[in-house]
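Participant: Contents of model_4.tsv (TSV, C-alpha atoms) are given next:
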chain	number	residue	atom	x	y	z
A	48	MET	CA	-37.95	-53.57	-65.14
A	49	GLU	CA	-36.90	-52.10	-68.47
A	50	LYS	CA	-35.10	-48.95	-69.53
A	51	VAL	CA	-33.34	-47.27	-72.44
A	52	ILE	CA	-29.63	-46.59	-72.74
A	53	LEU	CA	-27.98	-44.04	-75.03
A	54	PHE	CA	-24.30	-44.00	-75.92
A	55	TYR	CA	-21.74	-43.05	-78.50
A	56	LYS	CA	-18.01	-43.01	-78.98
A	57	TYR	CA	-15.83	-41.49	-81.63
A	58	VAL	CA	-13.22	-44.16	-82.20
A	59	SER	CA	-11.57	-45.52	-85.35
A	60	LEU	CA	-13.31	-48.70	-86.50
A	61	GLU	CA	-11.11	-50.48	-89.01
A	62	PHE	CA	-13.55	-53.36	-89.50
A	63	PRO	CA	-17.11	-52.06	-88.95
A	64	VAL	CA	-18.71	-55.12	-90.60
A	65	GLN	CA	-17.18	-57.37	-87.95
A	66	ILE	CA	-18.40	-55.03	-85.22
A	67	GLN	CA	-21.86	-55.06	-86.80
A	68	LYS	CA	-22.01	-58.88	-86.70
A	69	TRP	CA	-20.85	-58.92	-83.09
A	70	GLN	CA	-23.37	-56.26	-82.08
A	71	ARG	CA	-26.24	-58.07	-83.79
A	72	ARG	CA	-25.33	-61.34	-82.10
A	73	LEU	CA	-24.89	-59.72	-78.69
A	74	CYS	CA	-28.12	-57.70	-78.82
A	75	THR	CA	-30.14	-60.65	-80.11
A	76	GLU	CA	-28.87	-62.93	-77.35
A	77	LEU	CA	-29.80	-60.32	-74.74
A	78	GLY	CA	-33.20	-59.54	-76.26
A	79	LEU	CA	-32.39	-55.89	-76.88
A	80	THR	CA	-34.11	-53.66	-79.43
A	81	GLY	CA	-33.23	-50.24	-80.76
A	82	ARG	CA	-30.77	-48.68	-83.21
A	83	ILE	CA	-27.01	-48.78	-83.58
A	84	ILE	CA	-25.14	-46.82	-86.23
A	85	LEU	CA	-21.55	-47.76	-87.05
A	86	ALA	CA	-19.06	-45.88	-89.18
A	87	ALA	CA	-15.33	-45.69	-89.59
A	88	GLU	CA	-15.47	-42.82	-87.06
A	89	GLY	CA	-17.26	-44.72	-84.27
A	90	ILE	CA	-20.57	-45.94	-82.83
A	91	ASN	CA	-23.91	-44.31	-81.94
A	92	GLY	CA	-26.53	-46.37	-80.15
A	93	THR	CA	-29.91	-46.33	-78.43
A	94	LEU	CA	-31.07	-49.65	-76.99
A	95	ALA	CA	-33.98	-50.83	-74.87
A	96	GLY	CA	-34.36	-53.95	-72.76
A	97	SER	CA	-34.42	-55.34	-69.26
A	98	ASN	CA	-32.14	-53.83	-66.65
A	99	THR	CA	-30.22	-57.10	-66.38
A	100	ALA	CA	-29.73	-57.45	-70.13
A	101	LEU	CA	-28.58	-53.87	-70.52
A	102	GLU	CA	-26.07	-54.24	-67.69
A	103	GLN	CA	-24.69	-57.32	-69.44
A	104	TYR	CA	-24.47	-55.36	-72.69
A	105	LYS	CA	-22.64	-52.49	-71.02
A	106	LYS	CA	-20.14	-54.88	-69.45
A	107	ALA	CA	-19.46	-56.55	-72.81
A	108	MET	CA	-18.89	-53.15	-74.41
A	109	LEU	CA	-16.62	-51.82	-71.67
A	110	ASP	CA	-14.58	-55.02	-71.81
A	111	HIS	CA	-13.95	-54.47	-75.53
A	112	PRO	CA	-10.69	-52.55	-76.19
A	113	LEU	CA	-12.39	-50.19	-78.65
A	114	PHE	CA	-15.30	-49.21	-76.43
A	115	THR	CA	-13.84	-48.62	-72.98
A	116	GLU	CA	-14.90	-45.46	-71.14
A	117	ILE	CA	-18.19	-45.07	-73.04
A	118	ASP	CA	-20.62	-42.81	-71.18
A	119	PHE	CA	-23.82	-44.87	-71.02
A	120	LYS	CA	-26.82	-42.64	-70.31
A	121	GLU	CA	-30.04	-44.13	-68.95
A	122	SER	CA	-33.56	-42.99	-69.68
A	123	PRO	CA	-37.07	-44.22	-68.83
A	124	GLY	CA	-38.57	-46.43	-71.54
A	125	SER	CA	-39.02	-50.01	-72.71
A	126	ILE	CA	-38.71	-52.29	-75.73
A	127	HIS	CA	-42.20	-51.13	-76.73
A	128	ASN	CA	-40.59	-47.83	-77.78
A	129	PHE	CA	-38.31	-49.76	-80.15
A	130	PRO	CA	-40.19	-52.55	-81.94
A	131	ARG	CA	-37.12	-53.88	-83.77
A	132	LEU	CA	-33.34	-53.96	-83.79
A	133	PHE	CA	-31.49	-52.03	-86.49
A	134	ILE	CA	-27.72	-52.10	-86.82
A	135	SER	CA	-26.43	-50.22	-89.84
A	136	ILE	CA	-23.12	-49.02	-91.27
A	137	LYS	CA	-22.99	-45.47	-92.58
A	138	GLU	CA	-20.46	-42.82	-93.51
A	139	GLU	CA	-21.09	-40.83	-90.30
A	140	ILE	CA	-22.54	-41.85	-86.96
A	141	VAL	CA	-24.60	-38.65	-87.06
A	142	LYS	CA	-24.95	-36.91	-90.40
A	143	LEU	CA	-23.23	-33.53	-90.48
A	144	GLY	CA	-22.79	-33.88	-94.24
A	145	ILE	CA	-19.04	-33.28	-94.12
A	146	PRO	CA	-16.48	-36.11	-94.33
A	147	SER	CA	-15.26	-37.10	-90.90
A	148	GLN	CA	-11.67	-36.71	-92.08
A	149	LYS	CA	-12.28	-32.96	-92.62
A	150	ILE	CA	-14.19	-32.22	-89.42
A	151	ARG	CA	-13.07	-34.43	-86.56
A	152	ALA	CA	-14.61	-34.79	-83.11
A	153	VAL	CA	-11.14	-34.64	-81.57
A	154	ASP	CA	-10.91	-31.02	-82.76
A	155	GLY	CA	-14.18	-30.02	-81.08
A	156	GLY	CA	-14.83	-27.40	-78.44
A	157	ARG	CA	-13.67	-27.72	-74.85
A	158	HIS	CA	-15.94	-29.95	-72.76
A	159	LEU	CA	-17.63	-28.56	-69.67
A	160	THR	CA	-19.20	-30.82	-67.08
A	161	PRO	CA	-22.86	-30.09	-66.36
A	162	ALA	CA	-21.80	-28.40	-63.12
A	163	GLN	CA	-19.28	-26.20	-64.94
A	164	ALA	CA	-21.88	-25.32	-67.58
A	165	HIS	CA	-24.43	-24.48	-64.88
A	166	ALA	CA	-21.94	-22.23	-63.11
A	167	LEU	CA	-21.16	-20.46	-66.39
A	168	LEU	CA	-24.85	-19.95	-67.12
A	169	LYS	CA	-25.39	-18.59	-63.62
A	170	GLN	CA	-22.47	-16.19	-64.08
A	171	ASN	CA	-23.86	-15.16	-67.50
A	172	PRO	CA	-20.84	-13.23	-68.81
A	173	HIS	CA	-21.61	-10.53	-71.36
A	174	ASP	CA	-19.87	-12.40	-74.21
A	175	LEU	CA	-21.62	-15.74	-73.66
A	176	VAL	CA	-23.72	-17.15	-76.52
A	177	LEU	CA	-25.71	-20.40	-76.21
A	178	LEU	CA	-26.10	-22.32	-79.45
A	179	ASP	CA	-28.66	-25.13	-79.72
A	180	GLY	CA	-27.18	-27.71	-82.09
A	181	ARG	CA	-30.50	-29.49	-82.63
A	182	ASN	CA	-33.29	-29.20	-85.17
A	183	ASN	CA	-36.08	-26.62	-84.90
A	184	TYR	CA	-38.76	-29.18	-83.98
A	185	GLU	CA	-36.60	-30.20	-81.01
A	186	SER	CA	-35.84	-26.71	-79.74
A	187	ARG	CA	-39.48	-25.68	-80.27
A	188	ILE	CA	-40.61	-27.64	-77.22
A	189	GLY	CA	-37.54	-27.29	-75.01
A	190	THR	CA	-34.20	-25.47	-74.87
A	191	PHE	CA	-31.94	-23.44	-72.62
A	192	ALA	CA	-33.22	-19.99	-71.73
A	193	GLY	CA	-31.84	-17.38	-74.11
A	194	ALA	CA	-30.32	-19.87	-76.54
A	195	ILE	CA	-29.99	-19.32	-80.28
A	196	THR	CA	-32.21	-21.94	-81.93
A	197	PRO	CA	-31.32	-22.33	-85.63
A	198	PRO	CA	-34.34	-22.72	-87.98
A	199	ILE	CA	-33.05	-26.01	-89.39
A	200	GLU	CA	-34.90	-29.26	-90.00
A	201	ASN	CA	-31.82	-31.48	-90.34
A	202	PHE	CA	-28.48	-31.48	-88.55
A	203	ARG	CA	-26.64	-31.32	-91.88
A	204	GLU	CA	-28.07	-27.80	-92.32
A	205	LEU	CA	-26.21	-26.49	-89.27
A	206	PRO	CA	-22.89	-25.75	-91.02
A	207	GLU	CA	-24.67	-23.52	-93.55
A	208	TYR	CA	-26.48	-21.73	-90.71
A	209	ILE	CA	-23.15	-21.09	-88.99
A	210	ASP	CA	-21.66	-19.81	-92.25
A	211	ASN	CA	-24.56	-17.42	-92.85
A	212	ASN	CA	-24.69	-16.14	-89.27
A	213	SER	CA	-21.05	-15.96	-88.29
A	214	GLU	CA	-21.54	-12.44	-86.88
A	215	LEU	CA	-23.56	-13.96	-84.02
A	216	PHE	CA	-20.45	-15.76	-82.82
A	217	LYS	CA	-17.75	-13.19	-83.57
A	218	ASP	CA	-15.49	-12.72	-80.55
A	219	LYS	CA	-18.00	-14.58	-78.36
A	220	THR	CA	-17.71	-17.49	-75.95
A	221	VAL	CA	-20.05	-20.03	-77.55
A	222	LEU	CA	-21.54	-22.82	-75.45
A	223	MET	CA	-23.05	-25.49	-77.68
A	224	PHE	CA	-25.45	-28.22	-76.60
A	225	CYS	CA	-27.54	-31.04	-78.05
A	226	THR	CA	-29.50	-33.97	-76.63
A	227	GLY	CA	-26.70	-36.32	-75.58
A	228	GLY	CA	-23.56	-34.57	-76.80
A	229	ILE	CA	-22.84	-36.43	-80.02
A	230	ARG	CA	-23.84	-33.69	-82.47
A	231	CYS	CA	-21.81	-31.03	-80.67
A	232	GLU	CA	-18.61	-33.05	-80.94
A	233	ARG	CA	-18.18	-32.32	-84.66
A	234	ALA	CA	-20.43	-29.25	-84.90
A	235	SER	CA	-18.25	-27.45	-82.37
A	236	ALA	CA	-15.19	-28.47	-84.40
A	237	TYR	CA	-16.82	-26.89	-87.45
A	238	LEU	CA	-17.46	-23.64	-85.57
A	239	LYS	CA	-13.89	-23.63	-84.26
A	240	GLN	CA	-12.60	-24.07	-87.81
A	241	LYS	CA	-14.39	-20.84	-88.80
A	242	ASN	CA	-12.11	-18.99	-86.37
A	243	VAL	CA	-14.72	-16.37	-85.46
A	244	ALA	CA	-15.58	-17.21	-81.84
A	245	ARG	CA	-13.24	-16.35	-78.98
A	246	GLU	CA	-13.84	-19.80	-77.51
A	247	VAL	CA	-16.10	-22.77	-78.31
A	248	LEU	CA	-17.42	-24.95	-75.49
A	249	GLN	CA	-19.77	-27.93	-75.30
A	250	ILE	CA	-21.69	-29.62	-72.49
A	251	SER	CA	-20.41	-33.14	-71.81
A	252	GLY	CA	-23.36	-35.51	-72.07
A	253	GLY	CA	-25.56	-32.77	-73.50
A	254	ILE	CA	-29.00	-31.90	-72.20
A	255	HIS	CA	-29.43	-35.43	-70.85
A	256	ARG	CA	-26.59	-35.16	-68.33
A	257	TYR	CA	-27.34	-31.52	-67.51
A	258	VAL	CA	-30.98	-32.09	-66.50
A	259	GLU	CA	-30.02	-35.15	-64.46
A	260	GLN	CA	-28.00	-32.85	-62.21
A	261	PHE	CA	-30.09	-29.70	-62.60
A	262	PRO	CA	-33.72	-30.67	-63.27
A	263	GLN	CA	-34.83	-27.15	-62.33
A	264	GLY	CA	-31.88	-25.45	-63.99
A	265	TYR	CA	-31.64	-23.32	-67.11
A	266	PHE	CA	-33.14	-25.88	-69.50
A	267	LYS	CA	-36.88	-25.32	-69.87
A	268	GLY	CA	-39.64	-27.49	-71.34
A	269	LYS	CA	-39.25	-30.93	-72.86
A	270	ASN	CA	-36.25	-32.86	-74.13
A	271	TYR	CA	-37.09	-34.28	-77.56
A	272	VAL	CA	-36.08	-37.91	-78.24
A	273	PHE	CA	-36.03	-39.82	-81.53
A	274	ASP	CA	-38.38	-42.69	-80.69
A	275	GLY	CA	-41.94	-43.46	-79.71
A	276	ARG	CA	-41.63	-41.53	-76.45
A	277	VAL	CA	-41.32	-38.33	-78.53
A	278	ALA	CA	-40.27	-36.10	-75.62
A	279	LEU	CA	-39.37	-36.30	-71.94
A	280	THR	CA	-40.69	-33.58	-69.67
A	281	VAL	CA	-37.98	-31.66	-67.79
A	282	THR	CA	-39.96	-28.68	-66.49
A	283	ASP	CA	-43.60	-27.62	-66.74
A	284	ASP	CA	-42.71	-24.63	-68.92
A	285	ILE	CA	-44.58	-24.63	-72.24
A	286	LEU	CA	-42.49	-22.87	-74.88
A	287	THR	CA	-44.76	-23.12	-77.91
A	288	ASN	CA	-48.39	-23.02	-79.06
A	289	CYS	CA	-51.07	-25.04	-80.79
A	290	ASP	CA	-50.66	-24.75	-84.56
A	291	ASN	CA	-54.38	-24.13	-84.96
A	292	CYS	CA	-55.50	-21.81	-82.16
A	293	ALA	CA	-52.14	-20.53	-80.82
A	294	GLN	CA	-52.96	-21.52	-77.24
A	295	PRO	CA	-49.96	-22.70	-75.17
A	296	TYR	CA	-49.43	-26.39	-75.85
A	297	ASP	CA	-46.44	-28.58	-76.68
A	298	ALA	CA	-47.43	-32.21	-77.39
A	299	TYR	CA	-46.51	-33.47	-80.85
A	300	GLU	CA	-48.80	-35.44	-83.13
A	301	ASN	CA	-48.16	-36.68	-86.66
A	302	CYS	CA	-50.33	-35.62	-89.58
A	303	ILE	CA	-52.97	-38.23	-90.33
A	304	ASN	CA	-51.73	-38.33	-93.93
A	305	ALA	CA	-49.13	-41.10	-93.72
A	306	GLN	CA	-47.30	-39.75	-96.76
A	307	CYS	CA	-47.00	-36.33	-95.12
A	308	ASN	CA	-46.42	-37.45	-91.51
A	309	LYS	CA	-45.47	-33.89	-90.57
A	310	GLN	CA	-45.09	-33.25	-86.86
A	311	ILE	CA	-47.77	-30.88	-85.63
A	312	ILE	CA	-48.94	-29.51	-82.31
A	313	LEU	CA	-52.70	-29.54	-81.80
A	314	CYS	CA	-54.27	-28.92	-78.41
A	315	PRO	CA	-57.00	-31.29	-77.12
A	316	ALA	CA	-59.73	-28.98	-78.44
A	317	CYS	CA	-58.23	-28.61	-81.92
A	318	LEU	CA	-57.11	-32.22	-82.44
A	319	PRO	CA	-60.60	-33.62	-83.18
A	320	GLN	CA	-61.57	-30.42	-84.97
A	321	ARG	CA	-58.62	-30.75	-87.35
A	322	LYS	CA	-58.90	-34.57	-87.35
A	323	SER	CA	-55.16	-34.87	-86.70
A	324	SER	CA	-54.31	-33.20	-90.00
A	325	CYS	CA	-51.68	-30.55	-90.64
A	326	SER	CA	-53.77	-28.93	-93.37
A	327	ASN	CA	-57.11	-29.09	-95.18
A	328	THR	CA	-55.26	-30.53	-98.15
A	329	CYS	CA	-53.96	-33.52	-96.18
A	330	LEU	CA	-57.36	-34.08	-94.56
A	331	ALA	CA	-59.11	-34.05	-97.95
A	332	LEU	CA	-56.60	-36.52	-99.39
A	333	VAL	CA	-57.15	-38.93	-96.49
A	334	GLU	CA	-60.95	-38.62	-96.54
A	335	SER	CA	-61.03	-39.21	-100.30
A	336	GLY	CA	-58.91	-42.33	-99.95
A	337	THR	CA	-56.21	-40.88	-102.20
A	338	VAL	CA	-53.50	-41.45	-99.59
A	339	THR	CA	-52.98	-43.85	-96.72
A	340	LYS	CA	-54.25	-42.88	-93.30
A	341	ARG	CA	-51.75	-42.99	-90.46
A	342	THR	CA	-52.65	-45.70	-87.96
A	343	ILE	CA	-50.26	-44.93	-85.09
A	344	SER	CA	-50.59	-42.21	-82.48
A	345	LYS	CA	-46.92	-41.55	-81.91
A	346	ARG	CA	-44.45	-40.03	-84.33
A	347	THR	CA	-42.65	-42.39	-86.66
A	348	VAL	CA	-39.00	-42.98	-85.83
A	349	ILE	CA	-37.08	-41.62	-88.80
A	350	SER	CA	-33.54	-41.07	-87.57
A	351	GLN	CA	-31.21	-41.11	-84.63
A	352	GLN	CA	-29.57	-37.93	-83.48
A	353	ARG	CA	-28.50	-36.94	-80.03
Would you put the structure from the file into structure tokens?
Facilitator:
Amino acid sequence: MEKVILFYKYVSLEFPVQIQKWQRRLCTELGLTGRIILAAEGINGTLAGSNTALEQYKKAMLDHPLFTEIDFKESPGSIHNFPRLFISIKEEIVKLGIPSQKIRAVDGGRHLTPAQAHALLKQNPHDLVLLDGRNNYESRIGTFAGAITPPIENFRELPEYIDNNSELFKDKTVLMFCTGGIRCERASAYLKQKNVAREVLQISGGIHRYVEQFPQGYFKGKNYVFDGRVALTVTDDILTNCDNCAQPYDAYENCINAQCNKQIILCPACLPQRKSSCSNTCLALVESGTVTKRTISKRTVISQQR
């Protein structure tokens, strides 16, 4: 049996190159694939492999003095969703676009357990605002009912959105969420720094932990993931429509133009009609041989955000 684990920890890494070498050796020995991002501020990882290998990996991590108490989340999947192993060193473990010394995870909003968040959502106080910290293509197919879903394509655009829409949060209790919690750690710190909200909260473990406990709770639709699985169904609610005919549908496809690769939603009737293209321009370019035709059916993995 195989599965996928997701994890992160904000912790000072004085020697990330040494950690990178250790991680590469450990993952290779255990036959794990996936992505690990290291930075001076911590670690962000998604790995796939056998249950036994992943348990051995988790033990090795928890035995390391820097990585104790990591919250390892499990998800259905296999090494086929992650063809290779990438371990890289970057300036941030998830790109907010602001130096980690200026916006620190330790200064983030107060953590609520999934049960506490669910109770708050059920209570629904008049000053409560839900803020989706993810990108628009993620929230398009699944989000919490009534949440603000910023029209951003990259996480680094979120600070500007907050700056331009501060009135939405003025004197409010803001509950932020993202896929696994990592983005809200620093994004909530940024919102707190603006000093407009009455209180800033975040869901510990993000959507992942919430839907584990409340699969029929306030999150509706699909939980987007940054790999070949594309999205994991939480509820049967369909929140969006086919880009061609506007019928309810929510399965992503990539444009057949490999240079475009735009994520599109085309229902079963429109997919062959549009020949998996996002536009007539892309289709014409592919049919003329001007650009390369995409040869995979799942979206290309381009980044890692949770």
Participant: Point out the residue among A:Thr80, A:Gln170, A:Ser251, A:Thr115 with the least atom-to-atom distance to A:His158, counting all atoms listed in the file.
Facilitator: A:Ser251
Participant: Excluding A:Pro130 and its own-chain neighbours fewer than 4 positions away, which residues fall within 10 Å of it when counting all atoms listed in the file? Please give them as an MDAnalysis selection string.
Facilitator: chainID A and resid 79:81 95 125:126 275
Participant: What would the list of residues within 8 Å of (-52.3, -29.4, -83.9) (file frame) look like as a VMD selection string, if only C-alpha atoms are what count?
Facilitator: chain A and resid 289 to 291 299 to 300 311 to 314 317 to 318 321 323 to 325
Participant: Pull the closest atom pair for each residue of stretch 95-192 of chain A that gets at most 10 Å from stretch 60-66 of chain A, along with the distance in Å to one decimal, counting all atoms listed in the file, ordering rows by chain and then ascending residue number, as a Markdown table.
Facilitator:
| residue | atom | partner | partner_atom | distance |
| --- | --- | --- | --- | --- |
| A:Leu113 | CA | A:Leu60 | CA | 8.0 |
| A:Ile134 | CA | A:Ile66 | CA | 9.9 |
| A:Ser135 | CA | A:Val64 | CA | 9.2 |
| A:Ile136 | CA | A:Pro63 | CA | 7.1 |
| A:Lys137 | CA | A:Pro63 | CA | 9.5 |
Participant: Mind pulling up the distance from atom CA of A:Ile150 to atom CA of A:Thr196?
Facilitator: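 Taking atom CA of A:Thr196 as the start and atom CA of A:Ile150 as the end point, the length is 22.1 Å.
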Participant: Could you name the residues that touch A:Asn308 at 10 Å or less, counting all atoms listed in the file, but leaving out those on the same chain fewer than 6 positions away, as a PyMOL selection string?
Facilitator: chain A and resi 300-302+324-325+329+340-341+346-347
Participant: In Å, rounded to a single decimal, give me how far atom CA of A:Asp210 is from atom CA of A:Glu246.
Facilitator: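 So the answer is 16.7 Å.
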Participant: Atom CA of A:Pro197 and atom CA of A:Ile83, how far apart in Å?
Facilitator: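 Pair atom CA of A:Ile83 / atom CA of A:Pro197 returns 26.9 Å.
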Participant: Within 10 Å of stretch 211-218 of chain A, which residues of stretch 108-195 of chain A come that close, and what is the closest atom pair and distance in Å for each? Count all atoms listed in the file and give it as a Markdown table.
Facilitator:
| residue | atom | partner | partner_atom | distance |
| --- | --- | --- | --- | --- |
| A:Asp174 | CA | A:Asp218 | CA | 7.7 |
| A:Leu175 | CA | A:Phe216 | CA | 9.2 |
| A:Val176 | CA | A:Phe216 | CA | 7.2 |
| A:Leu177 | CA | A:Phe216 | CA | 9.6 |
| A:Leu178 | CA | A:Phe216 | CA | 9.3 |
| A:Ile195 | CA | A:Leu215 | CA | 9.2 |
Participant: Rank nothing, just name the residue among A:Val247, A:Ala107, A:Val58, A:Ile188 nearest to A:Asp297, using only C-alpha atoms.
Facilitator: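 When distances to A:Asp297 are compared using only C-alpha atoms, the smallest one comes from A:Ile188.
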Participant: Env of A:Leu238: 10 Å cut, atoms = all atoms listed in the file, seq-sep filter 3 positions within chain, self excluded. Answer as a VMD selection string.
Facilitator: chain A and resid 150 155 to 156 205 to 206 209 to 210 213 216 221 223 231 233 to 235 241 to 244 246 to 247
Participant: Fewer than 5 positions away in the same chain doesn't count, so skip those; otherwise give me all residues within 7 Å of A:Lys56, counting all atoms listed in the file, as a ChimeraX atom specification.
Facilitator: /A:89-91,117
Participant: Might you pull out every residue within 10 Å of A:Leu286, with all atoms listed in the file counted and same-chain residues fewer than 2 positions away left off, and present them as an NGL selection string?
Facilitator: :A and (186-190 or 267-269 or 283-284 or 288 or 295-297)
Participant: Considering all atoms listed in the file, can you say which of A:Ala278, A:Val141, A:Gln306, A:Gly124 comes closest to A:Leu330?
Facilitator: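 Once distances to A:Leu330 are computed over all atoms listed in the file, the minimum belongs to A:Gln306.
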Participant: Can you work out which one of A:Ser59, A:Glu49, A:Glu76, A:Phe133 has the shortest atom-to-atom distance to A:Pro112, counting only C-alpha atoms?
Facilitator: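 Nearest to A:Pro112: A:Ser59.
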